[in-house]
$ cat target.pdb   # PDB, C-alpha atoms (C1' of nucleotides)
MODEL        1
ATOM      1  CA  MET A 128     137.991  52.245 129.110
ATOM      2  CA  THR A 129     136.573  49.077 127.659
ATOM      3  CA  SER A 130     138.907  47.983 124.957
ATOM      4  CA  THR A 131     136.982  45.920 122.450
ATOM      5  CA  ALA A 132     136.321  42.719 124.307
ATOM      6  CA  PRO A 133     137.606  39.522 122.716
ATOM      7  CA  LEU A 134     134.091  38.141 122.600
ATOM      8  CA  PRO A 135     133.056  35.941 119.691
ATOM      9  CA  PRO A 136     130.730  37.645 117.198
ATOM     10  CA  GLU A 137     127.756  35.526 118.278
ATOM     11  CA  GLU A 138     127.997  36.757 121.862
ATOM     12  CA  LEU A 139     128.268  40.341 120.747
ATOM     13  CA  LEU A 140     125.176  40.031 118.586
ATOM     14  CA  ARG A 141     123.092  38.317 121.239
ATOM     15  CA  GLY A 142     124.307  40.770 123.840
ATOM     16  CA  ALA A 143     123.015  43.586 121.651
ATOM     17  CA  GLY A 144     119.682  41.844 121.181
ATOM     18  CA  LEU A 145     120.281  41.168 117.516
ATOM     19  CA  ARG A 146     119.588  38.001 115.582
ATOM     20  CA  VAL A 147     122.608  35.895 114.867
ATOM     21  CA  THR A 148     122.967  35.463 111.133
ATOM     22  CA  ALA A 149     125.772  34.285 108.911
ATOM     23  CA  THR A 150     126.118  37.659 107.228
ATOM     24  CA  ARG A 151     126.434  39.467 110.522
ATOM     25  CA  THR A 152     129.004  37.220 112.097
ATOM     26  CA  ALA A 153     130.965  37.272 108.858
ATOM     27  CA  ALA A 154     130.911  41.060 108.829
ATOM     28  CA  LEU A 155     132.151  41.242 112.400
ATOM     29  CA  ARG A 156     134.892  38.783 111.602
ATOM     30  CA  ALA A 157     135.882  40.834 108.587
ATOM     31  CA  LEU A 158     136.328  43.851 110.859
ATOM     32  CA  GLU A 159     138.502  41.879 113.231
ATOM     33  CA  GLU A 160     141.135  41.520 110.557
ATOM     34  CA  THR A 161     140.778  44.847 108.818
ATOM     35  CA  ARG A 162     140.294  47.425 111.519
ATOM     36  CA  HIS A 163     139.035  50.216 109.306
ATOM     37  CA  ALA A 164     137.211  48.676 106.371
ATOM     38  CA  THR A 165     134.950  50.259 103.780
ATOM     39  CA  ALA A 166     131.554  48.778 103.000
ATOM     40  CA  ASP A 167     133.138  47.364  99.884
ATOM     41  CA  ASP A 168     135.981  45.760 101.810
ATOM     42  CA  VAL A 169     133.467  44.144 104.119
ATOM     43  CA  LEU A 170     131.410  42.971 101.169
ATOM     44  CA  GLY A 171     134.470  41.322  99.667
ATOM     45  CA  SER A 172     135.448  39.649 102.900
ATOM     46  CA  VAL A 173     131.922  38.450 103.623
ATOM     47  CA  ARG A 174     131.627  36.979 100.145
ATOM     48  CA  ALA A 175     134.953  35.237 100.590
ATOM     49  CA  GLN A 176     133.551  33.650 103.732
ATOM     50  CA  LEU A 177     130.033  32.852 102.593
ATOM     51  CA  GLY A 178     129.847  32.896  98.828
ATOM     52  CA  THR A 179     127.030  34.961  97.346
ATOM     53  CA  VAL A 180     125.877  37.915  99.412
ATOM     54  CA  SER A 181     124.009  40.946  98.131
ATOM     55  CA  VAL A 182     125.344  44.456  98.367
ATOM     56  CA  GLN A 183     122.235  45.407 100.226
ATOM     57  CA  ALA A 184     122.696  42.764 102.899
ATOM     58  CA  VAL A 185     126.076  44.195 103.808
ATOM     59  CA  TYR A 186     124.792  47.738 104.016
ATOM     60  CA  ASP A 187     121.892  46.540 106.137
ATOM     61  CA  VAL A 188     124.215  44.670 108.445
ATOM     62  CA  LEU A 189     126.592  47.567 108.808
ATOM     63  CA  HIS A 190     123.709  49.866 109.657
ATOM     64  CA  ALA A 191     122.193  47.441 112.113
ATOM     65  CA  LEU A 192     125.494  46.913 113.892
ATOM     66  CA  THR A 193     126.222  50.616 113.911
ATOM     67  CA  ASP A 194     122.820  51.402 115.392
ATOM     68  CA  ALA A 195     123.350  48.718 117.991
ATOM     69  CA  GLY A 196     126.624  50.323 118.974
ATOM     70  CA  LEU A 197     128.787  47.398 117.910
ATOM     71  CA  LEU A 198     130.385  49.403 115.147
ATOM     72  CA  ARG A 199     131.414  52.966 114.651
ATOM     73  CA  ARG A 200     131.082  54.620 111.315
ATOM     74  CA  ILE A 201     133.757  56.976 110.056
ATOM     75  CA  GLU A 202     133.110  59.217 107.072
ATOM     76  CA  PRO A 203     136.184  61.046 105.884
ATOM     77  CA  ALA A 204     135.367  63.833 103.448
ATOM     78  CA  GLY A 205     136.015  62.703  99.910
ATOM     79  CA  HIS A 206     136.355  59.030 100.747
ATOM     80  CA  PRO A 207     133.827  56.243 101.181
ATOM     81  CA  ALA A 208     132.757  55.534 104.758
ATOM     82  CA  ARG A 209     134.685  53.083 106.900
ATOM     83  CA  TYR A 210     133.681  51.022 109.880
ATOM     84  CA  GLU A 211     135.567  49.971 112.972
ATOM     85  CA  ARG A 212     134.866  47.758 115.961
ATOM     86  CA  ARG A 213     136.591  49.892 118.509
ATOM     87  CA  THR A 214     133.775  51.791 120.156
ATOM     88  CA  GLY A 215     133.075  53.222 123.545
ATOM     89  CA  ASP A 216     136.259  55.200 123.949
ATOM     90  CA  ASN A 217     136.195  58.259 121.810
ATOM     91  CA  HIS A 218     139.484  58.150 120.044
ATOM     92  CA  HIS A 219     140.215  60.025 116.854
ATOM     93  CA  HIS A 220     141.599  59.265 113.414
ATOM     94  CA  VAL A 221     144.387  60.163 111.037
ATOM     95  CA  VAL A 222     143.183  59.994 107.445
ATOM     96  CA  CYS A 223     145.436  59.753 104.414
ATOM     97  CA  ARG A 224     144.538  62.479 101.932
ATOM     98  CA  SER A 225     145.680  60.312  99.105
ATOM     99  CA  CYS A 226     144.379  56.786  99.670
ATOM    100  CA  GLY A 227     141.941  57.266 102.524
ATOM    101  CA  ALA A 228     143.761  54.887 104.855
ATOM    102  CA  ILE A 229     142.924  55.417 108.503
ATOM    103  CA  GLY A 230     144.859  55.120 111.720
ATOM    104  CA  ASP A 231     143.704  55.386 115.322
ATOM    105  CA  VAL A 232     144.846  58.236 117.504
ATOM    106  CA  ASP A 233     144.218  58.509 121.191
ATOM    107  CA  CYS A 234     143.536  61.983 122.365
ATOM    108  CA  ALA A 235     146.786  63.786 123.000
ATOM    109  CA  VAL A 236     145.611  65.813 125.935
ATOM    110  CA  GLY A 237     144.085  63.661 128.634
ATOM    111  CA  HIS A 238     140.348  63.995 128.241
ATOM    112  CA  ALA A 239     138.028  65.973 125.986
ATOM    113  CA  PRO A 240     140.456  68.795 125.298
ATOM    114  CA  CYS A 241     139.047  71.409 123.016
ATOM    115  CA  LEU A 242     135.909  69.374 122.737
ATOM    116  CA  THR A 243     133.697  71.938 124.348
ATOM    117  CA  PRO A 244     132.986  74.770 121.974
ATOM    118  CA  SER A 245     133.580  78.279 123.237
ATOM    119  CA  ASP A 246     130.423  79.516 121.577
ATOM    120  CA  ASP A 247     127.858  76.944 120.567
ATOM    121  CA  ASN A 248     125.761  79.269 118.382
ATOM    122  CA  GLY A 249     122.647  78.018 120.109
ATOM    123  CA  PHE A 250     123.302  74.470 118.975
ATOM    124  CA  ALA A 251     122.736  71.573 121.353
ATOM    125  CA  VAL A 252     126.171  70.028 120.981
ATOM    126  CA  GLU A 253     126.321  66.307 121.615
ATOM    127  CA  THR A 254     129.665  65.107 120.373
ATOM    128  CA  ALA A 255     132.921  66.351 118.967
ATOM    129  CA  GLU A 256     135.222  64.578 116.632
ATOM    130  CA  VAL A 257     138.761  65.277 115.589
ATOM    131  CA  THR A 258     140.237  64.287 112.258
ATOM    132  CA  TYR A 259     143.896  64.591 111.402
ATOM    133  CA  TRP A 260     144.736  64.835 107.715
ATOM    134  CA  GLY A 261     148.047  63.836 106.221
ATOM    135  CA  LEU A 262     149.779  61.166 104.192
ATOM    136  CA  CYS A 263     150.149  57.577 105.253
ATOM    137  CA  PRO A 264     153.540  55.861 105.154
ATOM    138  CA  ARG A 265     152.783  54.167 101.840
ATOM    139  CA  CYS A 266     151.642  57.322 100.053
ATOM    140  CA  ARG A 267     154.498  59.553 101.090
TER
ATOM    141  CA  MET B  66     144.354  86.700 112.748
ATOM    142  CA  THR B  67     143.238  88.084 109.424
ATOM    143  CA  SER B  68     139.498  88.144 109.664
ATOM    144  CA  THR B  69     138.016  88.078 106.183
ATOM    145  CA  ALA B  70     138.900  91.486 104.855
ATOM    146  CA  PRO B  71     136.002  93.624 103.598
ATOM    147  CA  LEU B  72     137.593  93.739 100.183
ATOM    148  CA  PRO B  73     135.347  93.741  97.140
ATOM    149  CA  PRO B  74     135.308  90.439  95.224
ATOM    150  CA  GLU B  75     137.289  91.929  92.346
ATOM    151  CA  GLU B  76     140.190  92.811  94.607
ATOM    152  CA  LEU B  77     140.202  89.382  96.157
ATOM    153  CA  LEU B  78     140.326  87.710  92.774
ATOM    154  CA  ARG B  79     143.071  89.940  91.428
ATOM    155  CA  GLY B  80     144.997  89.567  94.626
ATOM    156  CA  ALA B  81     144.911  85.818  94.172
ATOM    157  CA  GLY B  82     146.040  86.115  90.582
ATOM    158  CA  LEU B  83     142.728  84.982  89.171
ATOM    159  CA  ARG B  84     140.811  86.448  86.307
ATOM    160  CA  VAL B  85     137.842  88.531  87.272
ATOM    161  CA  THR B  86     134.694  87.023  85.834
ATOM    162  CA  ALA B  87     131.035  87.603  86.480
ATOM    163  CA  THR B  88     130.470  84.090  87.785
ATOM    164  CA  ARG B  89     133.297  84.389  90.257
ATOM    165  CA  THR B  90     132.339  87.716  91.684
ATOM    166  CA  ALA B  91     128.748  86.543  91.909
ATOM    167  CA  ALA B  92     129.829  83.430  93.775
ATOM    168  CA  LEU B  93     131.870  85.453  96.220
ATOM    169  CA  ARG B  94     128.964  87.793  96.746
ATOM    170  CA  ALA B  95     126.673  84.852  97.361
ATOM    171  CA  LEU B  96     129.010  83.695 100.122
ATOM    172  CA  GLU B  97     128.994  87.106 101.706
ATOM    173  CA  GLU B  98     125.318  86.769 102.481
ATOM    174  CA  THR B  99     125.144  83.078 103.225
ATOM    175  CA  ARG B 100     128.231  82.265 105.201
ATOM    176  CA  HIS B 101     128.067  78.497 104.804
ATOM    177  CA  ALA B 102     126.443  77.729 101.485
ATOM    178  CA  THR B 103     126.237  74.483  99.553
ATOM    179  CA  ALA B 104     127.215  74.329  95.898
ATOM    180  CA  ASP B 105     123.529  74.302  95.151
ATOM    181  CA  ASP B 106     122.877  77.404  97.256
ATOM    182  CA  VAL B 107     125.632  79.204  95.410
ATOM    183  CA  LEU B 108     124.258  78.057  92.084
ATOM    184  CA  GLY B 109     120.870  79.466  92.975
ATOM    185  CA  SER B 110     122.265  82.752  94.164
ATOM    186  CA  VAL B 111     124.515  83.156  91.138
ATOM    187  CA  ARG B 112     121.634  82.456  88.801
ATOM    188  CA  ALA B 113     119.538  85.012  90.624
ATOM    189  CA  GLN B 114     122.288  87.541  89.982
ATOM    190  CA  LEU B 115     123.260  86.639  86.443
ATOM    191  CA  GLY B 116     120.531  84.605  84.827
ATOM    192  CA  THR B 117     121.621  81.397  83.149
ATOM    193  CA  VAL B 118     124.702  79.741  84.594
ATOM    194  CA  SER B 119     125.681  76.106  84.221
ATOM    195  CA  VAL B 120     126.109  73.738  87.127
ATOM    196  CA  GLN B 121     129.607  73.089  85.921
ATOM    197  CA  ALA B 122     130.595  76.737  85.964
ATOM    198  CA  VAL B 123     129.723  76.965  89.632
ATOM    199  CA  TYR B 124     131.651  73.857  90.577
ATOM    200  CA  ASP B 125     134.621  75.113  88.569
ATOM    201  CA  VAL B 126     134.512  78.455  90.284
ATOM    202  CA  LEU B 127     134.201  76.943  93.725
ATOM    203  CA  HIS B 128     137.165  74.700  93.042
ATOM    204  CA  ALA B 129     139.244  77.495  91.612
ATOM    205  CA  LEU B 130     138.518  79.747  94.564
ATOM    206  CA  THR B 131     139.139  76.947  97.025
ATOM    207  CA  ASP B 132     142.487  76.115  95.422
ATOM    208  CA  ALA B 133     143.390  79.791  95.464
ATOM    209  CA  GLY B 134     142.681  79.896  99.183
ATOM    210  CA  LEU B 135     139.791  82.332  98.925
ATOM    211  CA  LEU B 136     137.311  79.725 100.068
ATOM    212  CA  ARG B 137     137.351  76.866 102.482
ATOM    213  CA  ARG B 138     135.458  73.721 101.758
ATOM    214  CA  ILE B 139     133.611  71.933 104.529
ATOM    215  CA  GLU B 140     132.315  68.416 103.999
ATOM    216  CA  PRO B 141     130.137  67.218 106.855
ATOM    217  CA  ALA B 142     129.527  63.473 106.729
ATOM    218  CA  GLY B 143     126.131  62.752 105.254
ATOM    219  CA  HIS B 144     125.560  66.256 103.921
ATOM    220  CA  PRO B 145     126.586  67.990 100.718
ATOM    221  CA  ALA B 146     129.754  70.077 100.933
ATOM    222  CA  ARG B 147     129.570  73.699 101.989
ATOM    223  CA  TYR B 148     131.857  76.626 101.336
ATOM    224  CA  GLU B 149     132.831  79.592 103.456
ATOM    225  CA  ARG B 150     134.878  82.714 102.946
ATOM    226  CA  ARG B 151     136.431  82.780 106.359
ATOM    227  CA  THR B 152     139.857  81.285 105.811
ATOM    228  CA  GLY B 153     143.275  81.664 107.302
ATOM    229  CA  ASP B 154     142.335  81.176 110.926
ATOM    230  CA  ASN B 155     141.617  77.586 111.642
ATOM    231  CA  HIS B 156     138.337  77.711 113.408
ATOM    232  CA  HIS B 157     135.984  74.782 113.662
ATOM    233  CA  HIS B 158     132.326  74.015 113.007
ATOM    234  CA  VAL B 159     129.153  72.879 114.680
ATOM    235  CA  VAL B 160     127.040  70.818 112.323
ATOM    236  CA  CYS B 161     123.354  70.101 112.769
ATOM    237  CA  ARG B 162     122.730  66.361 112.539
ATOM    238  CA  SER B 163     119.285  67.001 111.212
ATOM    239  CA  CYS B 164     119.453  69.750 108.599
ATOM    240  CA  GLY B 165     123.177  70.118 108.076
ATOM    241  CA  ALA B 166     123.262  73.769 109.116
ATOM    242  CA  ILE B 167     126.695  74.975 110.136
ATOM    243  CA  GLY B 168     127.970  77.440 112.685
ATOM    244  CA  ASP B 169     131.476  78.742 113.352
ATOM    245  CA  VAL B 170     133.288  77.895 116.550
ATOM    246  CA  ASP B 171     136.548  79.396 117.617
ATOM    247  CA  CYS B 172     138.836  76.990 119.317
ATOM    248  CA  ALA B 173     138.005  76.812 122.982
ATOM    249  CA  VAL B 174     141.524  76.368 124.195
ATOM    250  CA  GLY B 175     143.800  79.109 122.935
ATOM    251  CA  HIS B 176     145.745  77.584 120.103
ATOM    252  CA  ALA B 177     146.006  74.156 118.490
ATOM    253  CA  PRO B 178     144.836  72.219 121.524
ATOM    254  CA  CYS B 179     144.708  68.507 121.004
ATOM    255  CA  LEU B 180     145.676  69.099 117.444
ATOM    256  CA  THR B 181     148.912  67.232 117.688
ATOM    257  CA  PRO B 182     148.297  63.500 117.693
ATOM    258  CA  SER B 183     149.951  61.495 120.447
ATOM    259  CA  ASP B 184     150.847  58.740 118.031
ATOM    260  CA  ASP B 185     150.814  59.565 114.360
ATOM    261  CA  ASN B 186     151.008  55.952 113.136
ATOM    262  CA  GLY B 187     153.761  56.940 110.754
ATOM    263  CA  PHE B 188     151.496  59.417 108.994
ATOM    264  CA  ALA B 189     152.802  62.832 107.971
ATOM    265  CA  VAL B 190     150.093  64.858 109.670
ATOM    266  CA  GLU B 191     149.405  68.233 108.103
ATOM    267  CA  THR B 192     146.191  69.514 109.567
ATOM    268  CA  ALA B 193     143.616  68.718 112.192
ATOM    269  CA  GLU B 194     139.993  69.577 112.119
ATOM    270  CA  VAL B 195     137.351  69.474 114.778
ATOM    271  CA  THR B 196     133.667  68.963 114.115
ATOM    272  CA  TYR B 197     130.991  69.343 116.753
ATOM    273  CA  TRP B 198     127.742  67.493 116.122
ATOM    274  CA  GLY B 199     124.412  68.502 117.563
ATOM    275  CA  LEU B 200     121.112  70.098 116.746
ATOM    276  CA  CYS B 201     120.671  73.640 115.566
ATOM    277  CA  PRO B 202     118.152  75.965 117.258
ATOM    278  CA  ARG B 203     115.570  75.388 114.539
ATOM    279  CA  CYS B 204     115.752  71.590 114.629
ATOM    280  CA  ARG B 205     115.553  71.176 118.368
TER
ATOM    281  C1'  DC C 195     109.366  19.638 118.246
ATOM    282  C1'  DC C 196     106.603  22.473 115.255
ATOM    283  C1'  DC C 197     104.456  27.209 113.782
ATOM    284  C1'  DG C 198     104.155  31.559 112.704
ATOM    285  C1'  DC C 199     105.715  36.251 113.190
ATOM    286  C1'  DT C 200     109.033  39.320 112.247
ATOM    287  C1'  DC C 201     113.078  40.667 110.685
ATOM    288  C1'  DA C 202     116.917  39.566 107.319
ATOM    289  C1'  DC C 203     118.459  38.891 102.566
ATOM    290  C1'  DT C 204     117.963  39.078  97.332
ATOM    291  C1'  DG C 205     118.272  41.588  92.951
ATOM    292  C1'  DG C 206     117.592  45.364  90.461
ATOM    293  C1'  DA C 207     116.532  50.076  89.782
ATOM    294  C1'  DA C 208     116.973  54.865  91.526
ATOM    295  C1'  DT C 209     119.145  58.934  93.782
ATOM    296  C1'  DG C 210     122.130  62.804  94.498
ATOM    297  C1'  DA C 211     126.351  65.139  94.655
ATOM    298  C1'  DT C 212     130.080  65.672  91.930
ATOM    299  C1'  DT C 213     133.092  64.923  87.960
ATOM    300  C1'  DC C 214     134.485  64.008  83.134
ATOM    301  C1'  DC C 215     134.335  65.310  78.239
ATOM    302  C1'  DA C 216     134.767  67.994  74.060
ATOM    303  C1'  DG C 217     133.859  71.929  71.924
ATOM    304  C1'  DA C 218     132.753  77.126  71.835
ATOM    305  C1'  DT C 219     133.813  81.511  74.102
ATOM    306  C1'  DT C 220     136.385  85.093  76.384
ATOM    307  C1'  DA C 221     139.424  87.717  79.523
ATOM    308  C1'  DG C 222     143.340  90.328  79.655
ATOM    309  C1'  DC C 223     148.595  90.125  79.174
ATOM    310  C1'  DG C 224     152.084  91.593  76.024
TER
ATOM    311  C1'  DC D  70     144.910  94.165  68.848
ATOM    312  C1'  DG D  71     145.718  89.378  68.596
ATOM    313  C1'  DC D  72     146.769  84.988  71.233
ATOM    314  C1'  DT D  73     146.471  81.548  74.424
ATOM    315  C1'  DA D  74     145.230  79.785  78.481
ATOM    316  C1'  DA D  75     141.495  80.012  81.322
ATOM    317  C1'  DT D  76     136.324  79.676  81.302
ATOM    318  C1'  DC D  77     131.829  78.259  80.281
ATOM    319  C1'  DT D  78     128.201  75.121  78.174
ATOM    320  C1'  DG D  79     125.337  70.930  78.136
ATOM    321  C1'  DG D  80     125.033  66.381  78.606
ATOM    322  C1'  DA D  81     126.587  61.974  79.967
ATOM    323  C1'  DA D  82     129.000  59.232  83.451
ATOM    324  C1'  DT D  83     130.604  57.791  88.188
ATOM    325  C1'  DC D  84     130.309  56.127  92.787
ATOM    326  C1'  DA D  85     128.592  55.265  97.214
ATOM    327  C1'  DT D  86     124.499  54.514  99.125
ATOM    328  C1'  DT D  87     119.472  53.878  99.409
ATOM    329  C1'  DC D  88     114.746  52.530  98.014
ATOM    330  C1'  DC D  89     111.553  48.856  96.742
ATOM    331  C1'  DA D  90     109.029  44.631  96.650
ATOM    332  C1'  DG D  91     109.259  39.961  97.162
ATOM    333  C1'  DT D  92     111.337  35.693  99.215
ATOM    334  C1'  DG D  93     113.393  33.319 103.003
ATOM    335  C1'  DA D  94     115.113  32.222 107.534
ATOM    336  C1'  DG D  95     115.996  33.093 113.051
ATOM    337  C1'  DC D  96     113.772  32.113 117.218
ATOM    338  C1'  DG D  97     110.279  32.329 121.080
ATOM    339  C1'  DG D  98     105.723  30.492 122.146
ATOM    340  C1'  DG D  99     102.688  26.607 122.200
TER
ENDMDL
END
$ encode --input "target.pdb" --output "structure tokens"
Amino acid sequence: MTSTAPLPPEELLRGAGLRVTATRTAALRALEETRHATADDVLGSVRAQLGTVSVQAVYDVLHALTDAGLLRRIEPAGHPARYERRTGDNHHHVVCRSCGAIGDVDCAVGHAPCLTPSDDNGFAVETAEVTYWGLCPRCR
Amino acid sequence: MTSTAPLPPEELLRGAGLRVTATRTAALRALEETRHATADDVLGSVRAQLGTVSVQAVYDVLHALTDAGLLRRIEPAGHPARYERRTGDNHHHVVCRSCGAIGDVDCAVGHAPCLTPSDDNGFAVETAEVTYWGLCPRCR
DNA sequence: CCCGCTCACTGGAATGATTCCAGATTAGCG
DNA sequence: CGCTAATCTGGAATCATTCCAGTGAGCGGG
């Protein structure tokens, strides 16, 4: 439904009840340009914007924003985690086996297709996620 | 289709064109008991069977067997990788957010449901995998 | 407009799964 | 029965991420 609103980072932070700090706004800005960035990508971008920033600060920020629901964390097996600002709609991802690049994929079938397990083994299932594996255009 | 055949480890190895070694048969046996074991679980079980075995040997074996198609590797975000002997049919998994326990789930909808992306972003998609997240009976 | 209380950021060390290396050993085909 | 590639050993190295302890800065109340 709600496509990521074009709100400025400050509004987003305040709206989520978080303090507005340089590191945080910089991180959000970084993820506006690069839609699926790794912690390291964000670190680089934040440093480019602000100068010296510790590794820890970026991890803290990413966690805080993820917990607040402003970011979604994606962890493809065998590749470092990536973060994206598109949240709320549960879309899926195509991951490049070679370089780890990620692309968004809206669910083919209308809504929650095979996302209800036939047999839940007694688990209390909360969410389902689909990952497509392949090669990105550049790696082919 | 082919549910894991009740073939003895030796047959499986030979059938895959691999040399039959103690470590390998022990690893396969370990995965007969524990269906979704971590590398560390396998290491423990193999040592219990054979005595001294190096960490490396187990990782080598797991890789060799995975490459040969005798094992399938599962890497749940935030948890160490696990291995299973059920291969060939592409079933999915429920993962416990808390302890990382894994259960098998056959695809709800008959066959390859939403497993064809609507827009592949130019990627050459090869496989799709579904992961259900929740809490296992014990962790509830 | 100032004050203090948290929460955020710094820098450096630690963790944990997995991999790399180089050399010794061994299975099993021919 | 010998050879050669496949295995195994033990230890060090990698990489993303986290833990820790101390310093510093938002921001709501006074």
$ interface_residues --input "target.pdb" --of "chain B" --to "chain D" --cutoff "10 Å" --atoms "only C-alpha atoms (C1' of nucleotides)" --output "PyMOL selection string"
chain B and resi 83-84+86+88+118-123+125-126
$ interface_residues --input "target.pdb" --of "chain C" --to "chain B" --cutoff "9 Å" --atoms "all atoms listed in the file" --output "number ranges by chain"
C: 211-212, 221-222
$ atom_distance --input "target.pdb" --atom1 "CA of Gly205 in chain A" --atom2 "C1' of DA216 in chain C"
26.4 Å
$ atom_distance --input "target.pdb" --atom1 "CA of Asn217 in chain A" --atom2 "CA of Arg141 in chain A"
23.9 Å
$ atom_distance --input "target.pdb" --atom1 "CA of Leu189 in chain A" --atom2 "CA of Val173 in chain A"
11.8 Å
$ closest_residue --input "target.pdb" --among "A:Arg199, A:His163, A:Arg213, A:His220" --to "chain B" --atoms "only C-alpha atoms"
A:His220
$ closest_residue --input "target.pdb" --among "B:Cys204, B:Leu78, B:Val195, B:Leu115" --to "chain A" --atoms "only C-alpha atoms"
B:Val195
$ resolve_selection --input "target.pdb" --expression "the PyMOL selection byres ((chain A and resi 225-229) around 12)" --output "PyMOL selection string"
(chain A and resi 161-165+201-211+219-224+230-232+258-267) or (chain B and resi 185-190)
$ closest_residue --input "target.pdb" --among "B:Gln114, B:Gly109, B:Ala81, B:Arg150" --to "Leu93 in chain B" --atoms "all atoms listed in the file"
B:Arg150
$ residues_around --input "target.pdb" --residues "Arg94 in chain B" --least-positions-apart "2" --cutoff "9 Å" --atoms "only C-alpha atoms (C1' of nucleotides)" --output "list in words"
Pro73, Pro74, Arg89, Thr90, Ala91, Ala92, Leu96, Glu97, Glu98, Thr99, Ser110 and Val111 of chain B
$ axis_aligned_box --input "target.pdb" --around "range 83-97 of chain D" --padding-each-side "4 Å" --output "AutoDock Vina command-line options"
--center_x 119.8 --center_y 45.0 --center_z 104.6 --size_x 29.6 --size_y 33.7 --size_z 40.9
$ closest_residue --input "target.pdb" --among "B:Ala193, B:Leu130, B:Ala87, B:His156" --to "chain A" --atoms "all atoms listed in the file"
B:Ala193
$ decode --input "target.pdb" --residues "range 81-95 of chain D" --atoms "C-alpha atoms (C1' of nucleotides)" --output "PDB file, in the first residue's frame"
ATOM      1  C1'  DA D  81      46.330 -19.000  11.501  1.00  0.00           C
ATOM      2  C1'  DA D  82      43.441 -15.659   9.056  1.00  0.00           C
ATOM      3  C1'  DT D  83      39.072 -13.341   7.436  1.00  0.00           C
ATOM      4  C1'  DC D  84      34.887 -10.807   7.714  1.00  0.00           C
ATOM      5  C1'  DA D  85      30.719  -9.078   9.422  1.00  0.00           C
ATOM      6  C1'  DT D  86      29.002  -7.919  13.505  1.00  0.00           C
ATOM      7  C1'  DT D  87      28.862  -7.180  18.525  1.00  0.00           C
ATOM      8  C1'  DC D  88      30.507  -6.074  23.233  1.00  0.00           C
ATOM      9  C1'  DC D  89      32.480  -2.682  26.381  1.00  0.00           C
ATOM     10  C1'  DA D  90      33.402   1.474  28.853  1.00  0.00           C
ATOM     11  C1'  DG D  91      33.811   6.151  28.567  1.00  0.00           C
ATOM     12  C1'  DT D  92      32.625  10.713  26.438  1.00  0.00           C
ATOM     13  C1'  DG D  93      29.367  13.756  24.355  1.00  0.00           C
ATOM     14  C1'  DA D  94      25.133  15.696  22.622  1.00  0.00           C
ATOM     15  C1'  DG D  95      19.550  15.908  21.753  1.00  0.00           C
TER      16       DG D  95
END
